[in-house]
Amino acid sequence: MSVGLAIAFIFCLIFARLFYVQIVWGKELVYKATDQWNREIPVIAARGVISDRNGEILAGNKTTYSVFLRPNAIENDEYASTVLGGLFSVDPAEILKKIRAGKVSEVTVARQVSKESIEKLVSYDIAGVYYSRDNTRQYTYNDALCQVLGFTSNDGLGLSGIEKFYNNMLSGTNGEICYSTDIVGVETENSVVIYSEAKAGDEIRLTIDIDIQLSVEEAMRSVYQSSNAKSVSCIVLDPQNFDILALSNYPSYNLNEVPRDDKDTLNALSRNSVVCDIYEPGSTFKVVTAAADIEEYLRGNSGAFSNTHIFNGSRTRTVDGTKIKCWSDHSNGKHSNQTLADALNNSCNPCFTDIALSLGKQTFYDYLTSFGFGNVTGLDFNGEALGMLVPQSLVRDCDLARIGFGQTVAVTGIQLACATAAAVNGGKYYTPHLLKSVVMVDGKTEEYRPVVKYNPISEKASSMLASMLEGVVKEGSGKKAYIEGYKVGGKTGTAQKYEDGHIASGKYVSSFVGFFPADKPQYLALIIVNEPEGTYYGSAVAAPVAKDIFEDIIRIKNLQPCE
């Protein structure tokens with residue numbers, strides 16, 4: 001009886017195993033068996049192009065080829081190694097070693113090979129050597145937009161910038177050419193070839209205007225050389241929807257000659273400073289403080305100052321035992337009996353200290369938050385920095401006083417540009433963006449729709465502020481950005497740099513944020529000059545650059561003077 005049970009049990013085990021192999025595991029085994037008798041040559045999908053807002057191609061493709069071999073199908077390994085090494089500048093000994101190792105069914109010999117090289121390869125007719133089309137990324141304007149567009153790996157994978165952020169859309173889907181072989185990988189005489197077509201990636205159309213971008217690039221090169229600065233940056237955006245029209249950091253590098261072998265240099269030059277780096281903004285931040293004051297006054301807050309209020313002309317304030325000084329010694333009399341408009345013209349620190357302290361920590365921080373500080377803007381780009389804002393619970397009055405005129409706070413360029421745009425465009429803070437639309441392979445287009453993120457101030461307050469900032473350019477510190485016949489507004493900034501917690505002697509960040517037309521802004525530019533030598537005031541170094549860029553935009557867009 002026990003013997004019968006044992007036999008039955010063994011039979012059940014065998015039956016269960018057969019059932020598992022044939023039914024459960026069957027499909028996988030069939031696939032593996034079929035795969036041993038088939039070989040595939042990849043057909044690389046064309047990567048989607050990147051273009052500007054008008055369809056001008058910024059990043060496209062050059063057709064190249066990949067070459068590979070199947071060790072089991074090579075008839076004369078020494079001959080094949082010698083020919084391939086000579087054609088593609090590869091060590092023949094390394095190729096021979098890989099052929100004889102026998103560990104893999106396929107060896108990649110070279111990528112991104114020219115058509116001419118492939119024609120030479122074909123003439124040798126080497127058994128076991130194959131090639132397929134791939135793509136080499138080609139950037140139309142070399143170094144222009146290099147930190148924005150980013151670059152790809154040799155395999156076509158986006159590694160930085162837009163190439164990385166929108167990699168899934170740009171990549172497409174690879175195809176393949178499949179054919180049958182014998183057990184050692186040699187194509188059979190009656191092999192049936194099956195072709196699976198590759199699907200190209202989608203086109204990414206950016207908000208960038210390449211004509212404005214090239215103007216900005218030239219302006220950055222010029223100020224970099226004339227000021228002998230450590231670096232310079234600029235962002236131009238449309239205040240009505242936060243489309244980024246141009247973005248440049250200098251020094252830069254050629255996207256068609258990426259320094260892949262020098263990682264430190266590549267990391268430094270490919271970093272998008274406007275988005276990823278923070279700095280103390282100095283007096284350009286006074287735009288935000290002024291906006292908060294005007295809005296609170298219109299709301300009836302007794303702690304806010306009216307437009308006709310006369311600020312104390314003292315050069316020094318003492319807060320929490322800390323002396324806070326104005327950049328000017330007030331000897332010229334300009335800083336006496338000032339209204340808010342005068343304080344903006346003269347960039348007088350004590351006036352903005354008064355505003356911040358009078359509004360109080362809670363109210364002032366509410367505005368800082370609604371203007372986007374202490375958080376990312378939401379730009380469609382990797383690595384955006386948060387900025388640095390002292391936690392509200394830890395802010396002392398002396399900190400609040402300094403934040404009022406742009407110290408004890410650190411921002412990114414994109415944060416400040418967006419905050420200023422919201423302050424002068426009617427009070428709407430949009431999510432900034434680089435994507436304008438996606439043009440899919442089937443021809444359909446998906447447009448990006450601007451999204452209002454905050455409403456920090458009212459339209460009336462915004463209009464009043466814009467008018468004051470127009471005065472800064474007409475008769476204040478921003479005079480070198482003035483353009484006859486065009487309503488330009490703006491604010492200068494000059495901030496000392498800190499190293500290891502201490503003021504770095506002789507090191508400054510000079511900046512200017514400007515916009516036009518002042519009564520309905522269509523273009524806003526922020527220029528940042530990092531550590532200029534000699535003259536370092538934003539009014540002298542950065543404001544003239546904005547003027548040059550604005551004049552180019554007027555010419556490019558054929559804009560007529562204001563009536």
# chains A, B, ... in the order shown; residues from 1 in each chain; ligands from 1
call {"tool": "select_by_dssp", "arguments": {"residues": "region 332-486 of chain A", "states": "strand (DSSP E)", "output": "ChimeraX atom specification"}}
result
/A:388-389,409-412,429-430,435-439,445-447,452-454
call {"tool": "write_last_selection", "arguments": {"atoms": "C-alpha atoms", "output": "mmCIF file, in the first residue's frame"}}
result
data_model
loop_
_atom_site.group_PDB
_atom_site.id
_atom_site.type_symbol
_atom_site.label_atom_id
_atom_site.label_comp_id
_atom_site.auth_asym_id
_atom_site.auth_seq_id
_atom_site.Cartn_x
_atom_site.Cartn_y
_atom_site.Cartn_z
ATOM 1 C CA MET A 388 17.487 81.318 1.235
ATOM 2 C CA LEU A 389 14.897 82.995 3.437
ATOM 3 C CA VAL A 409 18.125 87.081 1.889
ATOM 4 C CA ALA A 410 19.367 85.078 -1.107
ATOM 5 C CA VAL A 411 17.456 84.523 -4.329
ATOM 6 C CA THR A 412 17.844 82.910 -7.723
ATOM 7 C CA TYR A 429 2.485 85.718 -10.671
ATOM 8 C CA TYR A 430 2.531 82.978 -13.323
ATOM 9 C CA LEU A 435 7.882 74.874 -22.985
ATOM 10 C CA LYS A 436 5.604 76.600 -25.476
ATOM 11 C CA SER A 437 4.189 73.538 -27.214
ATOM 12 C CA VAL A 438 4.765 69.913 -28.139
ATOM 13 C CA VAL A 439 4.500 69.025 -31.827
ATOM 14 C CA THR A 445 0.163 70.164 -31.325
ATOM 15 C CA GLU A 446 -0.357 70.591 -27.585
ATOM 16 C CA GLU A 447 0.015 74.182 -26.410
ATOM 17 C CA VAL A 452 -1.514 82.074 -12.486
ATOM 18 C CA LYS A 453 0.133 80.900 -9.277
ATOM 19 C CA TYR A 454 -0.307 83.926 -6.988
#
call {"tool": "residues_around", "arguments": {"residues": "Phe311 (chain A)", "least_positions_apart": "6", "cutoff": "9 Å", "atoms": "only C-alpha atoms", "output": "PyMOL selection string"}}
result
chain A and resi 336-340+343+350-351+354
call {"tool": "write_last_selection", "arguments": {"atoms": "N, CA and C atoms", "output": "PDB file, in the first residue's frame"}}
result
ATOM      1  N   SER A 336      17.362 113.486   1.573  1.00  0.00           N
ATOM      2  CA  SER A 336      16.557 114.182   2.579  1.00  0.00           C
ATOM      3  C   SER A 336      15.149 114.412   2.045  1.00  0.00           C
ATOM      4  N   ASN A 337      14.172 114.352   2.941  1.00  0.00           N
ATOM      5  CA  ASN A 337      12.779 114.638   2.584  1.00  0.00           C
ATOM      6  C   ASN A 337      12.323 113.823   1.373  1.00  0.00           C
ATOM      7  N   GLN A 338      12.441 112.509   1.487  1.00  0.00           N
ATOM      8  CA  GLN A 338      12.130 111.621   0.364  1.00  0.00           C
ATOM      9  C   GLN A 338      10.744 110.998   0.485  1.00  0.00           C
ATOM     10  N   THR A 339      10.065 110.904  -0.660  1.00  0.00           N
ATOM     11  CA  THR A 339       8.865 110.083  -0.763  1.00  0.00           C
ATOM     12  C   THR A 339       9.315 108.672  -1.168  1.00  0.00           C
ATOM     13  N   LEU A 340       8.370 107.755  -1.305  1.00  0.00           N
ATOM     14  CA  LEU A 340       8.724 106.400  -1.734  1.00  0.00           C
ATOM     15  C   LEU A 340       9.339 106.421  -3.129  1.00  0.00           C
ATOM     16  N   ALA A 343      12.828 107.539  -2.787  1.00  0.00           N
ATOM     17  CA  ALA A 343      13.642 106.492  -2.166  1.00  0.00           C
ATOM     18  C   ALA A 343      14.037 105.432  -3.195  1.00  0.00           C
ATOM     19  N   PRO A 350      17.655 103.160   4.345  1.00  0.00           N
ATOM     20  CA  PRO A 350      16.855 103.371   5.559  1.00  0.00           C
ATOM     21  C   PRO A 350      15.347 103.452   5.309  1.00  0.00           C
ATOM     22  N   CYS A 351      14.955 103.975   4.161  1.00  0.00           N
ATOM     23  CA  CYS A 351      13.521 104.076   3.859  1.00  0.00           C
ATOM     24  C   CYS A 351      12.878 102.693   3.778  1.00  0.00           C
ATOM     25  N   ASP A 354      12.574 101.109   7.154  1.00  0.00           N
ATOM     26  CA  ASP A 354      11.373 101.615   7.823  1.00  0.00           C
ATOM     27  C   ASP A 354      10.120 100.861   7.374  1.00  0.00           C
TER      28      ASP A 354
END
call {"tool": "closest_residue", "arguments": {"among": "A:Arg53, A:Lys323, A:His433, A:Arg299", "to": "Glu203 (chain A)", "atoms": "only C-alpha atoms"}}
result
A:Arg53
call {"tool": "residues_around", "arguments": {"residues": "Lys164 (chain A)", "least_positions_apart": "6", "cutoff": "10 Å", "atoms": "only C-alpha atoms", "output": "count of residues only"}}
result
9
call {"tool": "closest_residue", "arguments": {"among": "A:Val451, A:Leu206, A:Ala290, A:Ile556", "to": "Ala59 (chain A)", "atoms": "only C-alpha atoms"}}
result
A:Leu206
call {"tool": "residues_around", "arguments": {"residues": "Ser227 (chain A)", "least_positions_apart": "5", "cutoff": "8 Å", "atoms": "only C-alpha atoms", "output": "list of chain:residue names"}}
result
A:Pro532, A:Glu533, A:Gly534, A:Thr535, A:Val541
call {"tool": "residues_around", "arguments": {"residues": "region 366-379 of chain A", "least_positions_apart": "6", "cutoff": "10 Å", "atoms": "only C-alpha atoms", "output": "PyMOL selection string"}}
result
chain A and resi 242+244+275+288-289+291-293+295+385-392+403+409-412+414-416+418-423+427-435+453-457
call {"tool": "write_last_selection", "arguments": {"atoms": "C-alpha atoms", "output": "PDB file, in the first residue's frame"}}
result
ATOM      1  CA  PHE A 242       6.198  84.478 -17.893  1.00  0.00           C
ATOM      2  CA  ILE A 244      11.126  82.910 -21.044  1.00  0.00           C
ATOM      3  CA  VAL A 275      18.033  78.845 -12.088  1.00  0.00           C
ATOM      4  CA  VAL A 288       9.234  93.873  -3.630  1.00  0.00           C
ATOM      5  CA  THR A 289       9.349  95.960  -0.455  1.00  0.00           C
ATOM      6  CA  ALA A 291       5.102  96.717  -3.758  1.00  0.00           C
ATOM      7  CA  ALA A 292       4.159  95.443  -0.307  1.00  0.00           C
ATOM      8  CA  ASP A 293       3.985  98.968   1.099  1.00  0.00           C
ATOM      9  CA  GLU A 295      -0.596  97.424  -1.557  1.00  0.00           C
ATOM     10  CA  ALA A 385      17.257  76.257  -6.122  1.00  0.00           C
ATOM     11  CA  LEU A 386      14.944  77.344  -3.297  1.00  0.00           C
ATOM     12  CA  GLY A 387      16.824  80.501  -2.416  1.00  0.00           C
ATOM     13  CA  MET A 388      17.487  81.318   1.235  1.00  0.00           C
ATOM     14  CA  LEU A 389      14.897  82.995   3.437  1.00  0.00           C
ATOM     15  CA  VAL A 390      15.362  83.129   7.195  1.00  0.00           C
ATOM     16  CA  PRO A 391      12.523  81.111   8.775  1.00  0.00           C
ATOM     17  CA  GLN A 392       9.859  83.520  10.002  1.00  0.00           C
ATOM     18  CA  ILE A 403      15.680  92.014   4.111  1.00  0.00           C
ATOM     19  CA  VAL A 409      18.125  87.081   1.889  1.00  0.00           C
ATOM     20  CA  ALA A 410      19.367  85.078  -1.107  1.00  0.00           C
ATOM     21  CA  VAL A 411      17.456  84.523  -4.329  1.00  0.00           C
ATOM     22  CA  THR A 412      17.844  82.910  -7.723  1.00  0.00           C
ATOM     23  CA  ILE A 414      14.526  83.350 -11.978  1.00  0.00           C
ATOM     24  CA  GLN A 415      12.892  84.123  -8.599  1.00  0.00           C
ATOM     25  CA  LEU A 416      13.758  87.811  -8.762  1.00  0.00           C
ATOM     26  CA  CYS A 418       9.377  86.544 -11.750  1.00  0.00           C
ATOM     27  CA  ALA A 419       8.761  88.574  -8.596  1.00  0.00           C
ATOM     28  CA  THR A 420       9.508  91.830 -10.418  1.00  0.00           C
ATOM     29  CA  ALA A 421       7.309  90.815 -13.340  1.00  0.00           C
ATOM     30  CA  ALA A 422       4.410  90.106 -10.984  1.00  0.00           C
ATOM     31  CA  ALA A 423       4.964  93.456  -9.284  1.00  0.00           C
ATOM     32  CA  GLY A 427      -0.160  91.742  -9.936  1.00  0.00           C
ATOM     33  CA  LYS A 428      -0.195  88.273 -11.497  1.00  0.00           C
ATOM     34  CA  TYR A 429       2.485  85.718 -10.671  1.00  0.00           C
ATOM     35  CA  TYR A 430       2.531  82.978 -13.323  1.00  0.00           C
ATOM     36  CA  THR A 431       4.461  79.735 -13.240  1.00  0.00           C
ATOM     37  CA  PRO A 432       7.468  80.503 -15.477  1.00  0.00           C
ATOM     38  CA  HIS A 433       8.038  78.080 -18.320  1.00  0.00           C
ATOM     39  CA  LEU A 434      10.331  77.164 -21.187  1.00  0.00           C
ATOM     40  CA  LEU A 435       7.882  74.874 -22.985  1.00  0.00           C
ATOM     41  CA  LYS A 453       0.133  80.900  -9.277  1.00  0.00           C
ATOM     42  CA  TYR A 454      -0.307  83.926  -6.988  1.00  0.00           C
ATOM     43  CA  ASN A 455      -1.873  87.384  -6.960  1.00  0.00           C
ATOM     44  CA  PRO A 456       0.502  89.226  -4.627  1.00  0.00           C
ATOM     45  CA  ILE A 457      -0.768  92.773  -5.257  1.00  0.00           C
TER      46      ILE A 457
END
call {"tool": "closest_residue", "arguments": {"among": "A:Arg396, A:His502, A:Lys230, A:Arg205", "to": "Tyr448 (chain A)", "atoms": "only C-alpha atoms"}}
result
A:Arg205
call {"tool": "atom_distance", "arguments": {"atom1": "CA of Tyr523 (chain A)", "atom2": "CA of Leu344 (chain A)"}}
result
20.8 Å
call {"tool": "select_by_dssp", "arguments": {"residues": "region 102-184 of chain A", "states": "helix (DSSP H, G or I)", "output": "PyMOL selection string"}}
result
chain A and resi 115-124+146-149+161-165+167-171
call {"tool": "residues_around", "arguments": {"residues": "Tyr139 (chain A)", "least_positions_apart": "5", "cutoff": "8 Å", "atoms": "only C-alpha atoms", "output": "list of chain:residue names"}}
result
A:Leu58, A:Ala59, A:Gly60, A:Leu255, A:Asn256
call {"tool": "closest_residue", "arguments": {"among": "A:Asp155, A:Val83, A:Asp238, A:Ser233", "to": "Ser123 (chain A)", "atoms": "only C-alpha atoms"}}
result
A:Val83
call {"tool": "atom_distance", "arguments": {"atom1": "CA of Ile162 (chain A)", "atom2": "CA of Glu384 (chain A)"}}
result
13.0 Å
call {"tool": "closest_residue", "arguments": {"among": "A:Ser270, A:Thr494, A:Lys507, A:Ile212", "to": "Asn54 (chain A)", "atoms": "only C-alpha atoms"}}
result
A:Ile212
call {"tool": "residues_around", "arguments": {"residues": "Leu298 (chain A)", "least_positions_apart": "6", "cutoff": "12 Å", "atoms": "only C-alpha atoms", "output": "list of chain:residue names"}}
result
A:Ala291, A:Ala292, A:Ala304, A:Phe305, A:Ser306, A:Asn307, A:Ile457, A:Ser458, A:Glu459, A:Lys460, A:Ala461, A:Ser462, A:Met464
call {"tool": "decode", "arguments": {"residues": "region 482-520 of chain A", "atoms": "N, CA and C atoms", "output": "PDB file, in the first residue's frame"}}
result
ATOM      1  N   TYR A 482      17.882 104.286 -19.904  1.00  0.00           N
ATOM      2  CA  TYR A 482      16.852 105.131 -20.523  1.00  0.00           C
ATOM      3  C   TYR A 482      16.949 105.078 -22.043  1.00  0.00           C
ATOM      4  N   ILE A 483      15.790 104.975 -22.716  1.00  0.00           N
ATOM      5  CA  ILE A 483      15.719 104.988 -24.175  1.00  0.00           C
ATOM      6  C   ILE A 483      14.686 106.033 -24.576  1.00  0.00           C
ATOM      7  N   GLU A 484      15.117 107.018 -25.290  1.00  0.00           N
ATOM      8  CA  GLU A 484      14.247 108.122 -25.706  1.00  0.00           C
ATOM      9  C   GLU A 484      13.051 107.598 -26.498  1.00  0.00           C
ATOM     10  N   GLY A 485      11.852 107.986 -26.063  1.00  0.00           N
ATOM     11  CA  GLY A 485      10.634 107.608 -26.771  1.00  0.00           C
ATOM     12  C   GLY A 485      10.002 106.318 -26.291  1.00  0.00           C
ATOM     13  N   TYR A 486      10.675 105.614 -25.362  1.00  0.00           N
ATOM     14  CA  TYR A 486      10.152 104.343 -24.861  1.00  0.00           C
ATOM     15  C   TYR A 486      10.093 104.380 -23.336  1.00  0.00           C
ATOM     16  N   LYS A 487       9.008 103.916 -22.781  1.00  0.00           N
ATOM     17  CA  LYS A 487       8.806 103.957 -21.334  1.00  0.00           C
ATOM     18  C   LYS A 487       9.490 102.769 -20.676  1.00  0.00           C
ATOM     19  N   VAL A 488      10.710 102.993 -20.202  1.00  0.00           N
ATOM     20  CA  VAL A 488      11.491 101.937 -19.562  1.00  0.00           C
ATOM     21  C   VAL A 488      11.480 102.149 -18.055  1.00  0.00           C
ATOM     22  N   GLY A 489      11.174 101.103 -17.323  1.00  0.00           N
ATOM     23  CA  GLY A 489      11.246 101.149 -15.867  1.00  0.00           C
ATOM     24  C   GLY A 489      12.301 100.177 -15.377  1.00  0.00           C
ATOM     25  N   GLY A 490      12.753 100.351 -14.150  1.00  0.00           N
ATOM     26  CA  GLY A 490      13.743  99.401 -13.649  1.00  0.00           C
ATOM     27  C   GLY A 490      14.313  99.773 -12.300  1.00  0.00           C
ATOM     28  N   LYS A 491      15.191  98.921 -11.813  1.00  0.00           N
ATOM     29  CA  LYS A 491      15.851  99.146 -10.521  1.00  0.00           C
ATOM     30  C   LYS A 491      17.245  98.548 -10.564  1.00  0.00           C
ATOM     31  N   THR A 492      18.196  99.316 -10.055  1.00  0.00           N
ATOM     32  CA  THR A 492      19.581  98.865  -9.979  1.00  0.00           C
ATOM     33  C   THR A 492      19.836  98.127  -8.666  1.00  0.00           C
ATOM     34  N   GLY A 493      20.933  97.384  -8.636  1.00  0.00           N
ATOM     35  CA  GLY A 493      21.327  96.698  -7.405  1.00  0.00           C
ATOM     36  C   GLY A 493      22.824  96.491  -7.357  1.00  0.00           C
ATOM     37  N   THR A 494      23.406  96.715  -6.185  1.00  0.00           N
ATOM     38  CA  THR A 494      24.829  96.456  -5.959  1.00  0.00           C
ATOM     39  C   THR A 494      24.958  95.799  -4.594  1.00  0.00           C
ATOM     40  N   ALA A 495      25.377  94.548  -4.574  1.00  0.00           N
ATOM     41  CA  ALA A 495      25.439  93.813  -3.309  1.00  0.00           C
ATOM     42  C   ALA A 495      26.850  93.307  -3.059  1.00  0.00           C
ATOM     43  N   GLN A 496      27.302  93.431  -1.820  1.00  0.00           N
ATOM     44  CA  GLN A 496      28.585  92.857  -1.437  1.00  0.00           C
ATOM     45  C   GLN A 496      28.445  91.340  -1.333  1.00  0.00           C
ATOM     46  N   LYS A 497      29.519  90.653  -1.653  1.00  0.00           N
ATOM     47  CA  LYS A 497      29.510  89.198  -1.558  1.00  0.00           C
ATOM     48  C   LYS A 497      30.089  88.753  -0.214  1.00  0.00           C
ATOM     49  N   TYR A 498      29.638  87.594   0.206  1.00  0.00           N
ATOM     50  CA  TYR A 498      30.109  87.018   1.462  1.00  0.00           C
ATOM     51  C   TYR A 498      30.867  85.717   1.188  1.00  0.00           C
ATOM     52  N   GLU A 499      31.954  85.516   1.927  1.00  0.00           N
ATOM     53  CA  GLU A 499      32.715  84.280   1.862  1.00  0.00           C
ATOM     54  C   GLU A 499      33.014  83.822   3.285  1.00  0.00           C
ATOM     55  N   ASP A 500      32.664  82.592   3.590  1.00  0.00           N
ATOM     56  CA  ASP A 500      32.865  82.039   4.940  1.00  0.00           C
ATOM     57  C   ASP A 500      32.213  82.895   6.020  1.00  0.00           C
ATOM     58  N   GLY A 501      31.045  83.460   5.687  1.00  0.00           N
ATOM     59  CA  GLY A 501      30.297  84.229   6.667  1.00  0.00           C
ATOM     60  C   GLY A 501      30.751  85.659   6.851  1.00  0.00           C
ATOM     61  N   HIS A 502      31.728  86.092   6.061  1.00  0.00           N
ATOM     62  CA  HIS A 502      32.255  87.459   6.186  1.00  0.00           C
ATOM     63  C   HIS A 502      32.194  88.167   4.829  1.00  0.00           C
ATOM     64  N   ILE A 503      32.121  89.499   4.882  1.00  0.00           N
ATOM     65  CA  ILE A 503      32.116  90.286   3.651  1.00  0.00           C
ATOM     66  C   ILE A 503      33.435  90.086   2.918  1.00  0.00           C
ATOM     67  N   ALA A 504      33.348  89.732   1.635  1.00  0.00           N
ATOM     68  CA  ALA A 504      34.542  89.544   0.814  1.00  0.00           C
ATOM     69  C   ALA A 504      34.965  90.897   0.261  1.00  0.00           C
ATOM     70  N   SER A 505      36.098  91.349   0.674  1.00  0.00           N
ATOM     71  CA  SER A 505      36.570  92.684   0.289  1.00  0.00           C
ATOM     72  C   SER A 505      36.704  92.813  -1.223  1.00  0.00           C
ATOM     73  N   GLY A 506      36.068  93.863  -1.752  1.00  0.00           N
ATOM     74  CA  GLY A 506      36.201  94.174  -3.167  1.00  0.00           C
ATOM     75  C   GLY A 506      35.408  93.287  -4.106  1.00  0.00           C
ATOM     76  N   LYS A 507      34.535  92.432  -3.562  1.00  0.00           N
ATOM     77  CA  LYS A 507      33.738  91.541  -4.415  1.00  0.00           C
ATOM     78  C   LYS A 507      32.260  91.920  -4.348  1.00  0.00           C
ATOM     79  N   TYR A 508      31.667  92.159  -5.511  1.00  0.00           N
ATOM     80  CA  TYR A 508      30.286  92.615  -5.581  1.00  0.00           C
ATOM     81  C   TYR A 508      29.507  91.853  -6.652  1.00  0.00           C
ATOM     82  N   VAL A 509      28.193  91.872  -6.499  1.00  0.00           N
ATOM     83  CA  VAL A 509      27.293  91.432  -7.563  1.00  0.00           C
ATOM     84  C   VAL A 509      26.533  92.665  -8.022  1.00  0.00           C
ATOM     85  N   SER A 510      26.731  93.040  -9.279  1.00  0.00           N
ATOM     86  CA  SER A 510      26.072  94.221  -9.851  1.00  0.00           C
ATOM     87  C   SER A 510      24.904  93.753 -10.711  1.00  0.00           C
ATOM     88  N   SER A 511      23.754  94.401 -10.548  1.00  0.00           N
ATOM     89  CA  SER A 511      22.580  93.919 -11.274  1.00  0.00           C
ATOM     90  C   SER A 511      21.643  95.052 -11.664  1.00  0.00           C
ATOM     91  N   PHE A 512      20.764  94.723 -12.566  1.00  0.00           N
ATOM     92  CA  PHE A 512      19.698  95.650 -12.971  1.00  0.00           C
ATOM     93  C   PHE A 512      18.530  94.819 -13.464  1.00  0.00           C
ATOM     94  N   VAL A 513      17.324  95.163 -13.006  1.00  0.00           N
ATOM     95  CA  VAL A 513      16.121  94.538 -13.526  1.00  0.00           C
ATOM     96  C   VAL A 513      15.273  95.640 -14.151  1.00  0.00           C
ATOM     97  N   GLY A 514      14.957  95.483 -15.435  1.00  0.00           N
ATOM     98  CA  GLY A 514      14.226  96.520 -16.151  1.00  0.00           C
ATOM     99  C   GLY A 514      13.126  95.940 -17.017  1.00  0.00           C
ATOM    100  N   PHE A 515      12.211  96.807 -17.454  1.00  0.00           N
ATOM    101  CA  PHE A 515      11.067  96.353 -18.247  1.00  0.00           C
ATOM    102  C   PHE A 515      10.553  97.500 -19.101  1.00  0.00           C
ATOM    103  N   PHE A 516       9.842  97.152 -20.166  1.00  0.00           N
ATOM    104  CA  PHE A 516       9.192  98.166 -21.006  1.00  0.00           C
ATOM    105  C   PHE A 516       8.096  97.512 -21.829  1.00  0.00           C
ATOM    106  N   PRO A 517       7.095  98.305 -22.294  1.00  0.00           N
ATOM    107  CA  PRO A 517       6.763  99.668 -21.857  1.00  0.00           C
ATOM    108  C   PRO A 517       6.294  99.650 -20.394  1.00  0.00           C
ATOM    109  N   ALA A 518       6.605 100.701 -19.667  1.00  0.00           N
ATOM    110  CA  ALA A 518       6.337 100.705 -18.230  1.00  0.00           C
ATOM    111  C   ALA A 518       4.851 100.607 -17.910  1.00  0.00           C
ATOM    112  N   ASP A 519       3.992 101.149 -18.791  1.00  0.00           N
ATOM    113  CA  ASP A 519       2.557 101.141 -18.493  1.00  0.00           C
ATOM    114  C   ASP A 519       1.881  99.816 -18.854  1.00  0.00           C
ATOM    115  N   LYS A 520       2.514  98.990 -19.666  1.00  0.00           N
ATOM    116  CA  LYS A 520       2.026  97.644 -19.958  1.00  0.00           C
ATOM    117  C   LYS A 520       3.208  96.791 -20.408  1.00  0.00           C
TER     118      LYS A 520
END
